[in-house]
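Let me begin by presenting the structure, written as structure tokens, before commenting on it.
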Amino acid sequence: MENLDKIIALCKSRGFIFPGSEIYGGLANTWDYGPLGVELKNNIKAAWWQYFVRECKNSVGLDGGILMNPSVWVASGHVGGFSDPLMDCKACKTRHRADNLINNFQKTQKTKNPIDPDTLSVNQMEEFVATNKVPCPHCAKQDWTGIRQFNLMFKTNRGVVEDSASVVYLRPETAQSQFVNFTNLQRTSRLKIPFGVGQIGKAFRNEITPGNFTFRTIEFEQMEYQHFTTDEKSLDDYHMFKTKAMEFYIDRVGLRKENLRFKDHATLCHYAKAAVDAEFLFPFGFGEIGGTHHRGTHDLGSHQKCSCKSCEYVDPSTGDRFIPTVVESSHGCDRILLAVLCDAYNEEEIAKDDIRVVLKIKPSIAPYKVAVLPLQKKGLTNKSDELFAQLSKNFSTTYDDAGSIGKRYRRQDEIGTPFCVTIDYETLEDNAVTIRHRDSMKQERVKIKDLTTTIQKYLV
Ligand code: ATP
């Protein structure tokens, strides 16, 4: 966890992520993305959109609303069943998720074959906590209430009247917009099955458990892709999306393969043929960053039933009508961003007592691609401004002329900038600059006219 504390401190001091509403004492599990965080997040979202939406010829995008007719959440099952099993400690009045209590207890006991709480019923979880005398992580007493199911959806009222008819929910996932718009999407884009719809947007969950920084927050961004297919093809498509998710994490985001693994769901919903989580090895252990879920005809079937509107697809070649099967590829943007920071964080001893902190973020994802660094302020400002104007048309570029060049390189290393471009007095003579590479710290002299193409070549 030592590294997580260092990463949290770096995020705050360098402007990646700030605690939410900090000057008012914060609000638990909320965070604001600062100047570097927003660049990094936008790059992750753009990479996802490129890979899942733009590079597939049978894919389109959607940007649905956060607020939807409350019947959507009845049909989806979220009103009835989207809840966490919670237990209160009667002694210190803190509230805990029963599944987390069981998991953490088994971890501290180093239990050889730990039980997956997802396979236990509510009664079995209560029994586990009682027979194993699971202590409260806050006060260490063993005085628990029974389990109560706590709905995770944020509820609010629209209009001026606060009655049950005015209730609306903040969406707890983005996926339902793709389902309720299925007919609109299919008809307007004249899509033939199999096809898919991608969406990136905010989701909200009233999580009560501690967050591990941005891993578990109450407001977060999801990148979700719903693939509509036939029942016969659905398992093959599921495996294709499972592979595609890993490819995205490794090839497009730059996460290291050895820090990733799949974890099949311990139990499957009655309508699903398969479901798997993709997990990343965070400093606090493996945690889910995304999932591939076979969802059968459950979503479209429920919406057809509850809305009394057809969600069927008519096969243009045979005239057959059927409800498509869905394979979902779901990803958490905030968790992937945290994984990027954890994966990239390095401390390198480059000389005795000289530690360099460097974020080795994949260059194409890094917040800034280039830093323009005039070696001296005097006489180099015009040329440096010119260079900034040239580079910033193609790359997210930053400018720094304060402090020694060594310190400036270190500042850029800490925020993951892959290329520093240094302007010196010779530049005024030979129209060339020095590129310093973040990872190798090697330097090369490049003509200004070749600079954009050279950096483009390195940007993978
Ligand atoms: P968990 O089991 O960790 O609560 P989940 O299985 O409920 O997650 P999904 O409903 O599958 O998550 O949501 C898809 C993705 O959204 C997750 O893989 C995760 O990356 C992200 N996500 C879910 N809940 C949160 C949260 N509270 N904070 C940040 N990201 C989240």
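Quick note on naming: the chains in the structure tokens go A, B, ... in the order shown, residues restart at 1 in each chain, and ligands are numbered from 1 in order of appearance.
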Could you list, as a PyMOL selection string, all residues that come within 8 Å of ligand 1? Count only C-alpha atoms and all ligand atoms. chain A and resi 173+204-207+211+214-224+277-278+287-291+330-336
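Residues lying within 12 Å of A:Val53, counting only C-alpha atoms and ignoring same-chain neighbours fewer than 3 positions away, are Lys45, Ala46, Ala47, Trp48, Trp49, Gln50, Cys56, Lys57, Asn58, Ser59, Val60, Gly61, Leu62, Phe195, Gly196, Val197, Gly198, Gln199, Ile200, Met223, Glu224, Tyr225, Gln226, His227 and Ser329 of chain A.
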Show which residues sit within 10 Å of A:Gly15, as a short mmCIF file (atom, residue, chain, number, x, y, z; two decimals) with C-alpha atoms, in the first residue's frame. Count only C-alpha atoms, and ignore same-chain residues fewer than 6 positions away.
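Result file follows (selection-v2.cif):
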data_model
loop_
_atom_site.label_atom_id
_atom_site.label_comp_id
_atom_site.auth_asym_id
_atom_site.auth_seq_id
_atom_site.Cartn_x
_atom_site.Cartn_y
_atom_site.Cartn_z
CA ALA A 9 0.30 12.22 -2.89
CA ASP A 32 -11.95 15.85 -8.91
CA TYR A 33 -9.65 15.33 -11.87
CA GLY A 34 -7.13 18.16 -12.21
CA PRO A 35 -5.33 19.44 -15.33
CA LEU A 36 -3.29 16.25 -15.83
CA GLY A 37 -6.06 13.90 -14.74
CA VAL A 38 -8.52 15.26 -17.27
CA ILE A 415 3.91 13.45 -14.74
#
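Excluding A:Arg410 itself and same-chain residues fewer than 4 positions from it, the residues having an atom within 12 Å of it are Glu347, Glu348, Ile350, Asp354, Ile355, Arg356, Val357, Val358, Leu359, Ala371, Asp400, Gly403, Ser404, Ile405, Gly406, Glu414, Ile415, Gly416, Thr417, Pro418, Phe419, Cys420, Arg436, His437, Arg438, Asp439 and Met441 of chain A, counting only C-alpha atoms.
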Output for the residues just chosen: C-alpha atoms as a PDB file, in the first residue's frame:
ATOM      1  CA  GLU A 347      11.281   4.916  -8.568  1.00  0.00           C
ATOM      2  CA  GLU A 348      14.719   4.584 -10.158  1.00  0.00           C
ATOM      3  CA  ILE A 350      20.044   6.835 -11.070  1.00  0.00           C
ATOM      4  CA  ASP A 354      19.358  10.153  -6.258  1.00  0.00           C
ATOM      5  CA  ILE A 355      15.930   8.639  -6.862  1.00  0.00           C
ATOM      6  CA  ARG A 356      14.029   9.570  -9.982  1.00  0.00           C
ATOM      7  CA  VAL A 357      10.230   9.214  -9.818  1.00  0.00           C
ATOM      8  CA  VAL A 358       8.943   8.494 -13.293  1.00  0.00           C
ATOM      9  CA  LEU A 359       5.519   7.587 -14.652  1.00  0.00           C
ATOM     10  CA  ALA A 371       7.312  19.632 -22.949  1.00  0.00           C
ATOM     11  CA  ASP A 400       8.295  25.168 -18.585  1.00  0.00           C
ATOM     12  CA  GLY A 403      14.401  26.213 -12.658  1.00  0.00           C
ATOM     13  CA  SER A 404      17.400  24.175 -13.753  1.00  0.00           C
ATOM     14  CA  ILE A 405      16.986  21.914 -16.767  1.00  0.00           C
ATOM     15  CA  GLY A 406      17.630  18.847 -14.567  1.00  0.00           C
ATOM     16  CA  GLU A 414       6.917  12.660 -12.578  1.00  0.00           C
ATOM     17  CA  ILE A 415       3.913  13.449 -14.741  1.00  0.00           C
ATOM     18  CA  GLY A 416       4.826  10.975 -17.469  1.00  0.00           C
ATOM     19  CA  THR A 417       5.690  13.350 -20.346  1.00  0.00           C
ATOM     20  CA  PRO A 418       7.483  11.093 -22.852  1.00  0.00           C
ATOM     21  CA  PHE A 419       9.402  13.795 -24.744  1.00  0.00           C
ATOM     22  CA  CYS A 420      11.115  16.989 -23.626  1.00  0.00           C
ATOM     23  CA  ARG A 436      15.137  13.978 -24.393  1.00  0.00           C
ATOM     24  CA  HIS A 437      13.376  10.624 -24.006  1.00  0.00           C
ATOM     25  CA  ARG A 438      11.644   9.998 -20.668  1.00  0.00           C
ATOM     26  CA  ASP A 439      12.324   6.269 -20.242  1.00  0.00           C
ATOM     27  CA  MET A 441      16.851   9.588 -20.697  1.00  0.00           C
TER      28      MET A 441
END
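Distance annotation: of A:Phe248, A:Tyr368, A:Tyr409, A:Tyr425, the residue with the minimal separation from A:Thr381 is A:Tyr425; atom set is only C-alpha atoms.
Considering only C-alpha atoms, the residue among A:Val340, A:Ile365, A:Leu4, A:Ile66 positioned nearest to A:Val168 is A:Ile66.
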Apply DSSP to the structure's backbone, then extract all residues of stretch 91-311 of chain A labelled strand (DSSP E or B) and return them as a ChimeraX atom specification. /A:95-97,144,148-151,155-157,167-170,195-204,219-229,260-264,275-282,285-294
Residues at most 10 Å from A:Pro283, counting only C-alpha atoms, excluding those fewer than 6 positions away in the same chain, as a PyMOL selection string? chain A and resi 1-5+212+339+342-343
Would you mind exporting the chosen residues as a PDB file, in the first residue's frame, restricted to N, CA and C atoms?
ATOM      1  N   MET A   1       0.827  -1.217   0.000  1.00  0.00           N
ATOM      2  CA  MET A   1       0.000   0.000   0.000  1.00  0.00           C
ATOM      3  C   MET A   1       0.858   1.264   0.000  1.00  0.00           C
ATOM      4  N   GLU A   2       2.168   1.059   0.323  1.00  0.00           N
ATOM      5  CA  GLU A   2       3.057   2.224   0.391  1.00  0.00           C
ATOM      6  C   GLU A   2       3.025   2.999  -0.927  1.00  0.00           C
ATOM      7  N   ASN A   3       3.059   2.222  -2.043  1.00  0.00           N
ATOM      8  CA  ASN A   3       3.053   2.877  -3.352  1.00  0.00           C
ATOM      9  C   ASN A   3       1.764   3.633  -3.606  1.00  0.00           C
ATOM     10  N   LEU A   4       0.631   3.078  -3.108  1.00  0.00           N
ATOM     11  CA  LEU A   4      -0.644   3.766  -3.330  1.00  0.00           C
ATOM     12  C   LEU A   4      -0.617   5.124  -2.632  1.00  0.00           C
ATOM     13  N   ASP A   5      -0.084   5.158  -1.423  1.00  0.00           N
ATOM     14  CA  ASP A   5      -0.002   6.445  -0.707  1.00  0.00           C
ATOM     15  C   ASP A   5       0.868   7.431  -1.479  1.00  0.00           C
ATOM     16  N   ASN A 212     -10.400   2.864  -1.501  1.00  0.00           N
ATOM     17  CA  ASN A 212      -9.095   2.656  -2.127  1.00  0.00           C
ATOM     18  C   ASN A 212      -8.878   3.701  -3.222  1.00  0.00           C
ATOM     19  N   ALA A 339      -5.278   2.176 -12.617  1.00  0.00           N
ATOM     20  CA  ALA A 339      -4.372   1.076 -13.001  1.00  0.00           C
ATOM     21  C   ALA A 339      -3.182   1.623 -13.797  1.00  0.00           C
ATOM     22  N   CYS A 342      -0.758   3.186 -11.332  1.00  0.00           N
ATOM     23  CA  CYS A 342      -0.060   2.178 -10.515  1.00  0.00           C
ATOM     24  C   CYS A 342       0.950   1.405 -11.365  1.00  0.00           C
ATOM     25  N   ASP A 343       0.556   1.076 -12.588  1.00  0.00           N
ATOM     26  CA  ASP A 343       1.417   0.296 -13.480  1.00  0.00           C
ATOM     27  C   ASP A 343       2.646   1.105 -13.898  1.00  0.00           C
TER      28      ASP A 343
END
